[in-house]
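Here's upload.pdb, which has PDB, C-alpha atoms, pLDDT in the B column:
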```
ATOM      1  CA  MET A 380     -54.966  48.877 -29.652  1.00 44.00           C
ATOM      2  CA  GLY A 381     -53.410  49.375 -26.234  1.00 52.00           C
ATOM      3  CA  SER A 382     -53.509  51.294 -22.986  1.00 60.00           C
ATOM      4  CA  SER A 383     -51.161  52.978 -20.553  1.00 68.00           C
ATOM      5  CA  PRO A 384     -49.858  51.113 -17.488  1.00 75.00           C
ATOM      6  CA  HIS A 385     -52.417  50.722 -14.742  1.00 73.00           C
ATOM      7  CA  PRO A 386     -52.898  48.635 -11.575  1.00 79.00           C
ATOM      8  CA  LEU A 387     -54.097  45.094 -12.265  1.00 81.00           C
ATOM      9  CA  GLU A 388     -55.872  43.822  -9.180  1.00 84.00           C
ATOM     10  CA  SER A 389     -56.823  40.461 -10.650  1.00 92.00           C
ATOM     11  CA  VAL A 390     -57.007  38.383 -13.830  1.00 94.00           C
ATOM     12  CA  HIS A 391     -59.160  35.461 -14.905  1.00 95.00           C
ATOM     13  CA  GLY A 392     -57.449  32.215 -15.731  1.00 96.00           C
ATOM     14  CA  GLY A 393     -55.761  29.092 -14.503  1.00 96.00           C
ATOM     15  CA  VAL A 394     -55.523  25.521 -15.779  1.00 96.00           C
ATOM     16  CA  LEU A 395     -57.979  23.070 -17.325  1.00 96.00           C
ATOM     17  CA  LEU A 396     -57.072  19.372 -17.341  1.00 96.00           C
ATOM     18  CA  TYR A 397     -58.587  16.750 -19.659  1.00 97.00           C
ATOM     19  CA  PRO A 398     -57.702  13.104 -20.252  1.00 97.00           C
ATOM     20  CA  ARG A 399     -55.245  12.529 -23.089  1.00 97.00           C
ATOM     21  CA  GLU A 400     -57.912  10.933 -25.308  1.00 97.00           C
ATOM     22  CA  LYS A 401     -59.471  14.414 -25.578  1.00 98.00           C
ATOM     23  CA  ALA A 402     -56.230  15.912 -26.883  1.00 98.00           C
ATOM     24  CA  LYS A 403     -57.283  16.283 -30.510  1.00 98.00           C
ATOM     25  CA  ASP A 404     -60.603  17.939 -29.675  1.00 98.00           C
ATOM     26  CA  LEU A 405     -59.063  20.210 -27.055  1.00 98.00           C
ATOM     27  CA  ILE A 406     -56.092  21.368 -29.137  1.00 98.00           C
ATOM     28  CA  ARG A 407     -58.276  21.972 -32.185  1.00 98.00           C
ATOM     29  CA  GLN A 408     -60.567  24.071 -30.023  1.00 97.00           C
ATOM     30  CA  TYR A 409     -57.510  25.854 -28.613  1.00 97.00           C
ATOM     31  CA  ARG A 410     -56.348  26.612 -32.160  1.00 97.00           C
ATOM     32  CA  ASP A 411     -59.721  27.939 -33.266  1.00 96.00           C
ATOM     33  CA  ILE A 412     -59.994  30.236 -30.235  1.00 96.00           C
ATOM     34  CA  THR A 413     -56.454  31.581 -30.454  1.00 96.00           C
ATOM     35  CA  LEU A 414     -56.848  32.414 -34.147  1.00 93.00           C
ATOM     36  CA  THR A 415     -58.905  35.427 -33.064  1.00 93.00           C
ATOM     37  CA  ALA A 416     -57.671  35.862 -29.491  1.00 94.00           C
ATOM     38  CA  PRO A 417     -57.640  39.431 -28.157  1.00 95.00           C
ATOM     39  CA  ASP A 418     -54.430  40.916 -26.788  1.00 95.00           C
ATOM     40  CA  GLU A 419     -55.708  40.393 -23.246  1.00 96.00           C
ATOM     41  CA  LEU A 420     -55.830  36.591 -23.613  1.00 96.00           C
ATOM     42  CA  THR A 421     -52.748  34.387 -23.388  1.00 96.00           C
ATOM     43  CA  ALA A 422     -53.244  30.630 -23.642  1.00 97.00           C
ATOM     44  CA  TYR A 423     -50.987  27.580 -23.840  1.00 97.00           C
ATOM     45  CA  ALA A 424     -51.866  23.961 -24.545  1.00 98.00           C
ATOM     46  CA  ALA A 425     -49.828  21.119 -23.083  1.00 97.00           C
ATOM     47  CA  LEU A 426     -49.483  17.363 -23.296  1.00 98.00           C
ATOM     48  CA  LEU A 427     -48.182  16.100 -19.968  1.00 96.00           C
ATOM     49  CA  THR A 428     -48.474  13.326 -17.416  1.00 94.00           C
ATOM     50  CA  GLY A 429     -49.741  13.743 -13.871  1.00 87.00           C
ATOM     51  CA  GLN A 430     -49.559  10.991 -11.264  1.00 86.00           C
ATOM     52  CA  GLY A 431     -49.125   8.411 -13.983  1.00 91.00           C
ATOM     53  CA  THR A 432     -52.066   9.640 -16.071  1.00 94.00           C
ATOM     54  CA  PRO A 433     -51.469  11.172 -19.532  1.00 97.00           C
ATOM     55  CA  MET A 434     -53.393  14.433 -19.743  1.00 96.00           C
ATOM     56  CA  THR A 435     -54.006  17.451 -21.941  1.00 97.00           C
ATOM     57  CA  ALA A 436     -54.030  20.899 -20.385  1.00 97.00           C
ATOM     58  CA  ILE A 437     -54.921  24.467 -21.239  1.00 97.00           C
ATOM     59  CA  ALA A 438     -53.219  27.181 -19.189  1.00 97.00           C
ATOM     60  CA  MET A 439     -54.632  30.668 -19.660  1.00 96.00           C
ATOM     61  CA  CYS A 440     -54.627  34.223 -18.392  1.00 96.00           C
ATOM     62  CA  HIS A 441     -57.072  36.970 -19.418  1.00 97.00           C
ATOM     63  CA  SER A 442     -56.345  40.493 -18.190  1.00 94.00           C
ATOM     64  CA  GLY A 443     -59.440  42.179 -19.602  1.00 93.00           C
ATOM     65  CA  GLU A 444     -62.717  43.289 -18.079  1.00 92.00           C
ATOM     66  CA  PRO A 445     -63.861  40.588 -15.609  1.00 91.00           C
ATOM     67  CA  GLY A 446     -67.110  39.642 -17.338  1.00 93.00           C
ATOM     68  CA  THR A 447     -65.460  39.441 -20.752  1.00 95.00           C
ATOM     69  CA  ALA A 448     -62.472  37.600 -19.311  1.00 95.00           C
ATOM     70  CA  GLU A 449     -64.605  34.889 -17.731  1.00 95.00           C
ATOM     71  CA  ARG A 450     -66.712  34.429 -20.864  1.00 95.00           C
ATOM     72  CA  GLU A 451     -63.721  34.195 -23.195  1.00 95.00           C
ATOM     73  CA  THR A 452     -61.774  31.751 -21.029  1.00 95.00           C
ATOM     74  CA  ARG A 453     -64.813  29.475 -20.673  1.00 95.00           C
ATOM     75  CA  GLN A 454     -64.695  28.942 -24.433  1.00 96.00           C
ATOM     76  CA  PHE A 455     -61.910  26.410 -23.906  1.00 97.00           C
ATOM     77  CA  LEU A 456     -64.212  23.979 -22.116  1.00 97.00           C
ATOM     78  CA  LEU A 457     -65.311  20.944 -24.103  1.00 97.00           C
ATOM     79  CA  ALA A 458     -68.792  19.431 -23.881  1.00 96.00           C
ATOM     80  CA  ASP A 459     -67.342  16.730 -21.621  1.00 95.00           C
ATOM     81  CA  ALA A 460     -66.394  17.755 -18.093  1.00 95.00           C
ATOM     82  CA  PRO A 461     -62.662  18.231 -17.438  1.00 97.00           C
ATOM     83  CA  ILE A 462     -60.700  16.191 -14.923  1.00 96.00           C
ATOM     84  CA  ALA A 463     -60.025  19.449 -13.123  1.00 95.00           C
ATOM     85  CA  ASP A 464     -61.046  23.060 -13.632  1.00 96.00           C
ATOM     86  CA  MET A 465     -58.626  25.327 -11.758  1.00 95.00           C
ATOM     87  CA  THR A 466     -59.689  28.540 -13.458  1.00 96.00           C
ATOM     88  CA  GLY A 467     -61.260  31.627 -11.962  1.00 95.00           C
ATOM     89  CA  LYS A 468     -60.485  35.084 -10.650  1.00 95.00           C
ATOM     90  CA  LYS A 469     -56.906  35.121  -9.378  1.00 95.00           C
ATOM     91  CA  LYS A 470     -53.990  37.387  -8.629  1.00 94.00           C
ATOM     92  CA  TYR A 471     -51.528  37.598 -11.498  1.00 91.00           C
ATOM     93  CA  THR A 472     -48.760  36.315  -9.220  1.00 91.00           C
ATOM     94  CA  GLU A 473     -50.866  33.216  -8.552  1.00 92.00           C
ATOM     95  CA  ILE A 474     -51.211  32.587 -12.293  1.00 91.00           C
ATOM     96  CA  GLN A 475     -47.437  33.007 -12.676  1.00 88.00           C
ATOM     97  CA  SER A 476     -46.681  30.273 -10.163  1.00 90.00           C
ATOM     98  CA  MET A 477     -49.416  27.753 -11.044  1.00 86.00           C
ATOM     99  CA  LEU A 478     -47.174  25.770 -13.383  1.00 85.00           C
ATOM    100  CA  ASP A 479     -44.088  25.674 -11.177  1.00 86.00           C
ATOM    101  CA  PHE A 480     -44.894  22.053 -10.321  1.00 81.00           C
ATOM    102  CA  SER A 481     -44.363  21.015 -13.938  1.00 84.00           C
ATOM    103  CA  ALA A 482     -40.638  21.854 -13.881  1.00 86.00           C
ATOM    104  CA  PRO A 483     -39.325  21.086 -10.394  1.00 89.00           C
ATOM    105  CA  ALA A 484     -35.778  21.911  -9.423  1.00 91.00           C
ATOM    106  CA  GLY A 485     -33.290  19.067  -9.388  1.00 93.00           C
ATOM    107  CA  LEU A 486     -34.220  17.337 -12.651  1.00 96.00           C
ATOM    108  CA  ASN A 487     -32.241  17.337 -15.879  1.00 97.00           C
ATOM    109  CA  TYR A 488     -33.856  19.270 -18.733  1.00 97.00           C
ATOM    110  CA  TYR A 489     -33.416  19.614 -22.470  1.00 96.00           C
ATOM    111  CA  SER A 490     -35.568  21.466 -24.983  1.00 94.00           C
ATOM    112  CA  LYS A 491     -36.212  21.960 -28.661  1.00 93.00           C
ATOM    113  CA  CYS A 492     -38.576  24.613 -29.957  1.00 92.00           C
ATOM    114  CA  PRO A 493     -39.749  24.631 -33.579  1.00 91.00           C
ATOM    115  CA  PHE A 494     -42.118  27.385 -34.693  1.00 90.00           C
ATOM    116  CA  LEU A 495     -45.302  26.900 -36.698  1.00 92.00           C
ATOM    117  CA  ARG A 496     -47.158  29.594 -38.590  1.00 88.00           C
ATOM    118  CA  GLU A 497     -50.382  27.669 -38.053  1.00 90.00           C
ATOM    119  CA  LEU A 498     -51.637  24.589 -36.238  1.00 95.00           C
ATOM    120  CA  THR A 499     -52.980  22.416 -39.018  1.00 96.00           C
ATOM    121  CA  ASP A 500     -54.854  19.217 -38.231  1.00 97.00           C
ATOM    122  CA  GLU A 501     -51.845  17.284 -39.512  1.00 97.00           C
ATOM    123  CA  ALA A 502     -49.470  19.170 -37.217  1.00 97.00           C
ATOM    124  CA  ILE A 503     -51.771  18.558 -34.245  1.00 98.00           C
ATOM    125  CA  ASP A 504     -51.908  14.830 -35.012  1.00 98.00           C
ATOM    126  CA  THR A 505     -48.104  14.732 -35.220  1.00 97.00           C
ATOM    127  CA  ILE A 506     -47.673  16.548 -31.900  1.00 98.00           C
ATOM    128  CA  ILE A 507     -50.109  14.216 -30.141  1.00 98.00           C
ATOM    129  CA  GLY A 508     -48.496  11.137 -31.646  1.00 97.00           C
ATOM    130  CA  CYS A 509     -45.007  12.227 -30.610  1.00 97.00           C
ATOM    131  CA  ALA A 510     -46.116  13.129 -27.090  1.00 97.00           C
ATOM    132  CA  ALA A 511     -47.440   9.592 -26.668  1.00 97.00           C
ATOM    133  CA  SER A 512     -43.855   8.304 -26.831  1.00 96.00           C
ATOM    134  CA  ALA A 513     -42.461  10.729 -24.228  1.00 97.00           C
ATOM    135  CA  PRO A 514     -39.573   8.935 -22.474  1.00 97.00           C
ATOM    136  CA  THR A 515     -40.419   9.967 -18.886  1.00 97.00           C
ATOM    137  CA  GLU A 516     -43.463  11.103 -16.924  1.00 95.00           C
ATOM    138  CA  GLN A 517     -41.835  14.503 -16.404  1.00 95.00           C
ATOM    139  CA  SER A 518     -41.502  15.117 -20.162  1.00 97.00           C
ATOM    140  CA  GLN A 519     -44.029  17.345 -21.879  1.00 97.00           C
ATOM    141  CA  VAL A 520     -44.892  19.245 -25.029  1.00 98.00           C
ATOM    142  CA  VAL A 521     -46.226  22.783 -24.628  1.00 97.00           C
ATOM    143  CA  ILE A 522     -47.828  24.830 -27.404  1.00 97.00           C
ATOM    144  CA  GLU A 523     -47.518  28.607 -26.989  1.00 95.00           C
ATOM    145  CA  HIS A 524     -49.605  31.046 -28.996  1.00 95.00           C
ATOM    146  CA  MET A 525     -47.635  34.238 -29.656  1.00 92.00           C
ATOM    147  CA  HIS A 526     -49.656  37.264 -30.714  1.00 92.00           C
ATOM    148  CA  GLY A 527     -50.605  40.764 -29.609  1.00 91.00           C
ATOM    149  CA  ALA A 528     -48.693  44.026 -29.629  1.00 90.00           C
ATOM    150  CA  ALA A 529     -45.291  42.412 -30.233  1.00 88.00           C
ATOM    151  CA  SER A 530     -46.530  40.913 -33.501  1.00 90.00           C
ATOM    152  CA  ARG A 531     -47.526  44.346 -34.805  1.00 92.00           C
ATOM    153  CA  VAL A 532     -44.041  45.864 -34.560  1.00 92.00           C
ATOM    154  CA  PRO A 533     -42.360  46.168 -37.993  1.00 92.00           C
ATOM    155  CA  THR A 534     -39.749  43.461 -38.503  1.00 89.00           C
ATOM    156  CA  ASP A 535     -36.936  45.944 -39.040  1.00 90.00           C
ATOM    157  CA  ALA A 536     -37.864  48.244 -36.124  1.00 92.00           C
ATOM    158  CA  THR A 537     -35.728  46.335 -33.595  1.00 91.00           C
ATOM    159  CA  ALA A 538     -33.056  43.648 -33.613  1.00 90.00           C
ATOM    160  CA  PHE A 539     -35.658  40.971 -32.851  1.00 86.00           C
ATOM    161  CA  GLY A 540     -36.928  39.519 -36.099  1.00 82.00           C
ATOM    162  CA  LEU A 541     -39.838  37.237 -35.172  1.00 83.00           C
ATOM    163  CA  ARG A 542     -42.658  39.779 -35.513  1.00 85.00           C
ATOM    164  CA  ARG A 543     -45.647  37.694 -36.527  1.00 84.00           C
ATOM    165  CA  VAL A 544     -48.404  35.636 -34.999  1.00 85.00           C
ATOM    166  CA  HIS A 545     -47.200  32.061 -34.564  1.00 90.00           C
ATOM    167  CA  TYR A 546     -47.144  28.980 -32.356  1.00 94.00           C
ATOM    168  CA  SER A 547     -43.992  27.784 -30.632  1.00 94.00           C
ATOM    169  CA  ILE A 548     -43.828  24.083 -29.829  1.00 95.00           C
ATOM    170  CA  ASN A 549     -41.771  23.568 -26.684  1.00 95.00           C
ATOM    171  CA  ILE A 550     -40.539  19.974 -26.557  1.00 97.00           C
ATOM    172  CA  MET A 551     -39.210  19.468 -23.039  1.00 97.00           C
ATOM    173  CA  PRO A 552     -37.965  16.100 -21.804  1.00 98.00           C
ATOM    174  CA  ALA A 553     -36.937  15.900 -18.164  1.00 97.00           C
ATOM    175  CA  TRP A 554     -35.260  13.084 -16.269  1.00 97.00           C
ATOM    176  CA  ASP A 555     -33.649  12.275 -12.922  1.00 96.00           C
ATOM    177  CA  ASN A 556     -31.689   9.201 -14.006  1.00 95.00           C
ATOM    178  CA  ALA A 557     -28.484  10.087 -15.847  1.00 95.00           C
ATOM    179  CA  ALA A 558     -28.779   6.888 -17.891  1.00 97.00           C
ATOM    180  CA  LEU A 559     -31.881   8.363 -19.597  1.00 98.00           C
ATOM    181  CA  ALA A 560     -30.154  11.470 -20.937  1.00 98.00           C
ATOM    182  CA  GLU A 561     -29.407  10.117 -24.403  1.00 98.00           C
ATOM    183  CA  THR A 562     -32.928   8.704 -24.812  1.00 98.00           C
ATOM    184  CA  CYS A 563     -34.590  11.940 -23.693  1.00 98.00           C
ATOM    185  CA  ILE A 564     -32.484  14.178 -25.910  1.00 97.00           C
ATOM    186  CA  ALA A 565     -33.018  11.889 -28.895  1.00 98.00           C
ATOM    187  CA  TRP A 566     -36.788  12.025 -28.333  1.00 98.00           C
ATOM    188  CA  ALA A 567     -36.836  15.829 -28.318  1.00 97.00           C
ATOM    189  CA  ARG A 568     -34.809  15.995 -31.496  1.00 95.00           C
ATOM    190  CA  SER A 569     -37.015  13.421 -33.201  1.00 97.00           C
ATOM    191  CA  VAL A 570     -40.163  15.416 -32.363  1.00 97.00           C
ATOM    192  CA  ALA A 571     -38.590  18.595 -33.756  1.00 94.00           C
ATOM    193  CA  THR A 572     -37.661  16.721 -36.931  1.00 95.00           C
ATOM    194  CA  ALA A 573     -41.198  15.337 -37.267  1.00 96.00           C
ATOM    195  CA  LEU A 574     -42.565  18.901 -37.126  1.00 95.00           C
ATOM    196  CA  GLU A 575     -40.212  20.320 -39.763  1.00 93.00           C
ATOM    197  CA  PRO A 576     -42.743  19.883 -42.612  1.00 93.00           C
ATOM    198  CA  TYR A 577     -45.154  22.218 -40.776  1.00 92.00           C
ATOM    199  CA  GLY A 578     -42.651  24.792 -39.548  1.00 83.00           C
ATOM    200  CA  ALA A 579     -40.958  28.020 -40.469  1.00 73.00           C
ATOM    201  CA  SER A 580     -37.240  28.706 -40.751  1.00 71.00           C
ATOM    202  CA  ASP A 581     -37.067  31.420 -38.080  1.00 75.00           C
ATOM    203  CA  GLY A 582     -36.696  31.063 -34.330  1.00 78.00           C
ATOM    204  CA  TYR A 583     -36.343  32.745 -30.966  1.00 84.00           C
ATOM    205  CA  VAL A 584     -32.826  33.387 -29.699  1.00 85.00           C
ATOM    206  CA  ASN A 585     -33.745  32.910 -26.011  1.00 83.00           C
ATOM    207  CA  TYR A 586     -34.901  29.368 -26.788  1.00 84.00           C
ATOM    208  CA  LEU A 587     -31.677  28.307 -28.489  1.00 83.00           C
ATOM    209  CA  GLY A 588     -29.239  25.834 -27.032  1.00 81.00           C
ATOM    210  CA  ASP A 589     -26.215  24.832 -29.065  1.00 81.00           C
ATOM    211  CA  GLU A 590     -27.871  24.722 -32.474  1.00 81.00           C
ATOM    212  CA  GLY A 591     -25.088  26.660 -34.175  1.00 85.00           C
ATOM    213  CA  ALA A 592     -24.644  29.797 -36.256  1.00 89.00           C
ATOM    214  CA  ALA A 593     -27.451  29.056 -38.718  1.00 88.00           C
ATOM    215  CA  ALA A 594     -30.035  28.974 -35.926  1.00 87.00           C
ATOM    216  CA  VAL A 595     -28.724  32.262 -34.506  1.00 91.00           C
ATOM    217  CA  LYS A 596     -28.995  33.879 -37.920  1.00 90.00           C
ATOM    218  CA  ALA A 597     -32.537  32.560 -38.344  1.00 87.00           C
ATOM    219  CA  SER A 598     -33.533  34.092 -35.003  1.00 88.00           C
ATOM    220  CA  TYR A 599     -32.779  37.591 -36.266  1.00 90.00           C
ATOM    221  CA  GLY A 600     -34.148  37.018 -39.764  1.00 88.00           C
ATOM    222  CA  PRO A 601     -33.647  39.886 -42.204  1.00 91.00           C
ATOM    223  CA  ASN A 602     -32.041  41.975 -39.435  1.00 93.00           C
ATOM    224  CA  TYR A 603     -28.991  39.740 -39.115  1.00 93.00           C
ATOM    225  CA  ASP A 604     -26.848  41.437 -41.772  1.00 94.00           C
ATOM    226  CA  ARG A 605     -27.433  44.859 -40.203  1.00 94.00           C
ATOM    227  CA  LEU A 606     -26.521  43.458 -36.778  1.00 95.00           C
ATOM    228  CA  ALA A 607     -23.379  41.851 -38.214  1.00 95.00           C
ATOM    229  CA  ARG A 608     -22.272  45.228 -39.557  1.00 96.00           C
ATOM    230  CA  LEU A 609     -22.862  46.851 -36.160  1.00 95.00           C
ATOM    231  CA  LYS A 610     -20.932  44.053 -34.474  1.00 95.00           C
ATOM    232  CA  HIS A 611     -18.016  44.604 -36.851  1.00 96.00           C
ATOM    233  CA  LYS A 612     -18.084  48.338 -36.090  1.00 95.00           C
ATOM    234  CA  TYR A 613     -18.292  48.197 -32.295  1.00 96.00           C
ATOM    235  CA  ASP A 614     -16.767  44.808 -31.455  1.00 96.00           C
ATOM    236  CA  PRO A 615     -14.387  43.872 -34.298  1.00 95.00           C
ATOM    237  CA  GLU A 616     -12.459  41.468 -32.035  1.00 95.00           C
ATOM    238  CA  ASN A 617     -15.661  39.655 -31.005  1.00 95.00           C
ATOM    239  CA  VAL A 618     -14.975  40.190 -27.320  1.00 96.00           C
ATOM    240  CA  PHE A 619     -18.641  39.652 -26.519  1.00 95.00           C
ATOM    241  CA  ARG A 620     -18.850  36.125 -27.833  1.00 92.00           C
ATOM    242  CA  PHE A 621     -20.062  33.976 -24.932  1.00 92.00           C
ATOM    243  CA  ASN A 622     -23.644  34.137 -26.176  1.00 91.00           C
ATOM    244  CA  GLN A 623     -25.691  33.213 -29.206  1.00 92.00           C
ATOM    245  CA  ASN A 624     -23.003  34.968 -31.157  1.00 94.00           C
ATOM    246  CA  ILE A 625     -23.388  37.359 -34.048  1.00 93.00           C
ATOM    247  CA  VAL A 626     -20.202  37.357 -36.071  1.00 92.00           C
ATOM    248  CA  GLY A 627     -19.121  40.755 -37.330  1.00 92.00           C
ATOM    249  CA  ALA A 628     -19.065  41.421 -41.054  1.00 90.00           C
ATOM    250  CA  GLY A 629     -17.961  44.596 -42.829  1.00 72.00           C
TER     251      GLY A 629
END
```

Rewrite the coordinates I just gave you, this time as structure tokens.
Amino acid sequence: MGSSPHPLESVHGGVLLYPREKAKDLIRQYRDITLTAPDELTAYAALLTGQGTPMTAIAMCHSGEPGTAERETRQFLLADAPIADMTGKKKYTEIQSMLDFSAPAGLNYYSKCPFLRELTDEAIDTIIGCAASAPTEQSQVVIEHMHGAASRVPTDATAFGLRRVHYSINIMPAWDNAALAETCIAWARSVATALEPYGASDGYVNYLGDEGAAAVKASYGPNYDRLARLKHKYDPENVFRFNQNIVGAG
């Protein structure tokens, strides 16, 4: 189920790029692989634009035995050749920085992040359709598969309540022209609304913006009432309030 800390000289992973018309096939394949992904494999799917060309990407990192890692990451390849295959044996620090180009400093950013228990065909079609109307070339939608040891911790063992396998859908418009702010934010919100029929009511507190008290409560799930009692006990004046605030309750 796990192992003690040990030196990690290298991992196997990187980025695969396909044309946008392969999005449905690639994301379905991504879903099918991640349904049974081992702890050692982390993989994201993304709908983005590069140099004016709409593309679909898989970003992955496998920290297991080299032969197994290479075999399991190659499963993401479709029968058709990708635009680019930037995968292979790499240092973990190289994997960490490979996507820095997708969020350069100096742009304006906004995000919404609904959570799905599963990636149904209907949800995939909706994500692809919404990504097609992205307001700028820098805007993207990233699908994260969350699994592994964190999903096996009992829900009430810590404050964090989202202890299950799921997919987070990161809707991230970006823009450099202030006049586009309203359009970009409206697009992100519309995509999140379109995904509501496929989603769950919980969330992740680190992904919250200014969604309000209900979203904060949803992030902690069934643990919220216990946390509210602790807040009332140790911080009855709500001194620590410049955060995604838990309001004390006796």

Where does region 494-600 of chain A meet region 437-456 of chain A within 10 Å, residue by residue, with the nearest atom pair and distance in Å to one decimal for each, counting only C-alpha atoms, listed by chain and rising number, as a Markdown table?
```
| residue | atom | partner | partner_atom | distance |
| --- | --- | --- | --- | --- |
| A:Val521 | CA | A:Ile437 | CA | 9.5 |
| A:Ile522 | CA | A:Ile437 | CA | 9.4 |
| A:Glu523 | CA | A:Ala438 | CA | 9.8 |
```

With the PyMOL selection byres ((chain A and resi 503-513) around 9) as the selection, what would be picked from this file? Answer as a compact mmCIF listing (two decimals) with C-alpha atoms, in the coordinates of the input, please.
```
# COMPACT_ATOMS: atom_id res chain seq x y z
CA ARG A 399 -55.24 12.53 -23.09
CA ALA A 402 -56.23 15.91 -26.88
CA LYS A 403 -57.28 16.28 -30.51
CA ILE A 406 -56.09 21.37 -29.14
CA ARG A 407 -58.28 21.97 -32.18
CA LEU A 426 -49.48 17.36 -23.30
CA LEU A 427 -48.18 16.10 -19.97
CA PRO A 433 -51.47 11.17 -19.53
CA LEU A 498 -51.64 24.59 -36.24
CA THR A 499 -52.98 22.42 -39.02
CA ASP A 500 -54.85 19.22 -38.23
CA GLU A 501 -51.84 17.28 -39.51
CA ALA A 502 -49.47 19.17 -37.22
CA PRO A 514 -39.57 8.94 -22.47
CA THR A 515 -40.42 9.97 -18.89
CA GLU A 516 -43.46 11.10 -16.92
CA GLN A 517 -41.84 14.50 -16.40
CA SER A 518 -41.50 15.12 -20.16
CA GLN A 519 -44.03 17.34 -21.88
CA VAL A 520 -44.89 19.24 -25.03
CA ILE A 548 -43.83 24.08 -29.83
CA ILE A 550 -40.54 19.97 -26.56
CA PRO A 552 -37.97 16.10 -21.80
CA CYS A 563 -34.59 11.94 -23.69
CA TRP A 566 -36.79 12.02 -28.33
CA ALA A 567 -36.84 15.83 -28.32
CA SER A 569 -37.02 13.42 -33.20
CA VAL A 570 -40.16 15.42 -32.36
CA ALA A 573 -41.20 15.34 -37.27
CA LEU A 574 -42.56 18.90 -37.13
```

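Coordinates place CA of Arg410 (chain A) at a distance of 17.6 Å from CA of Met434 (chain A).
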
Expansion of the PyMOL selection byres ((chain A and resi 607) around 7) into residues, as a list of chain:residue names: A:Tyr603, A:Asp604, A:Arg605, A:Leu606, A:Arg608, A:Leu609, A:Lys610, A:His611, A:Ile625, A:Val626, A:Gly627, A:Ala628

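CA of Phe480 (chain A) sits 14.2 Å away from CA of Met551 (chain A).
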
Test item: the PyMOL selection byres ((chain A and resi 493) around 9) resolved as a PyMOL selection string: chain A and resi 491-492+494-495+546-550+571-572+574-575+578-582

Restricting the output to C-alpha atoms, write the selected residues as a short mmCIF file (atom, residue, chain, number, x, y, z; two decimals), in the coordinates of the input.
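In the end it all went to part_22.cif:
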```cif
data_model
loop_
_atom_site.label_atom_id
_atom_site.label_comp_id
_atom_site.auth_asym_id
_atom_site.auth_seq_id
_atom_site.Cartn_x
_atom_site.Cartn_y
_atom_site.Cartn_z
CA LYS A 491 -36.21 21.96 -28.66
CA CYS A 492 -38.58 24.61 -29.96
CA PHE A 494 -42.12 27.38 -34.69
CA LEU A 495 -45.30 26.90 -36.70
CA TYR A 546 -47.14 28.98 -32.36
CA SER A 547 -43.99 27.78 -30.63
CA ILE A 548 -43.83 24.08 -29.83
CA ASN A 549 -41.77 23.57 -26.68
CA ILE A 550 -40.54 19.97 -26.56
CA ALA A 571 -38.59 18.60 -33.76
CA THR A 572 -37.66 16.72 -36.93
CA LEU A 574 -42.56 18.90 -37.13
CA GLU A 575 -40.21 20.32 -39.76
CA GLY A 578 -42.65 24.79 -39.55
CA ALA A 579 -40.96 28.02 -40.47
CA SER A 580 -37.24 28.71 -40.75
CA ASP A 581 -37.07 31.42 -38.08
CA GLY A 582 -36.70 31.06 -34.33
#
```

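Going from CA of Phe619 (chain A) to CA of Gly600 (chain A) covers 20.6 Å.
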
Selected residue of minimal separation from Lys469 (chain A) among A:Thr435, A:Thr537, A:Ser389, A:Asn585, counting only C-alpha atoms: A:Ser389

Selection near Glu590 (chain A), 12 Å with all atoms listed in the file, sequence-local residues under 2 positions removed, as a list in words: Ser490, Lys491, Cys492, Pro493, Arg568, Gly582, Tyr583, Val584, Asn585, Tyr586, Leu587, Gly588, Ala592, Ala593, Ala594, Val595, Lys596, Ala597, Ser598, Gln623 and Asn624 of chain A

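Across A:Arg496, A:Lys401, A:His524, A:Lys468, the tightest approach to Tyr423 (chain A) is made by A:His524 when counting all atoms listed in the file.
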
For Asn556 (chain A): contacts at 9 Å, all atoms listed in the file, fewer than 4 positions along chain excluded, given as number ranges by chain: A: 486-487, 560

Pick from A:Asp535, A:Glu388, A:Ser481, A:Tyr599 nearest to Gln430 (chain A), counting all atoms listed in the file: A:Ser481

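Restricting the calculation to all atoms listed in the file, the smallest distance between Ala553 (chain A) and any of A:Ala460, A:Tyr613, A:Thr428, A:Val532 is found for A:Thr428.
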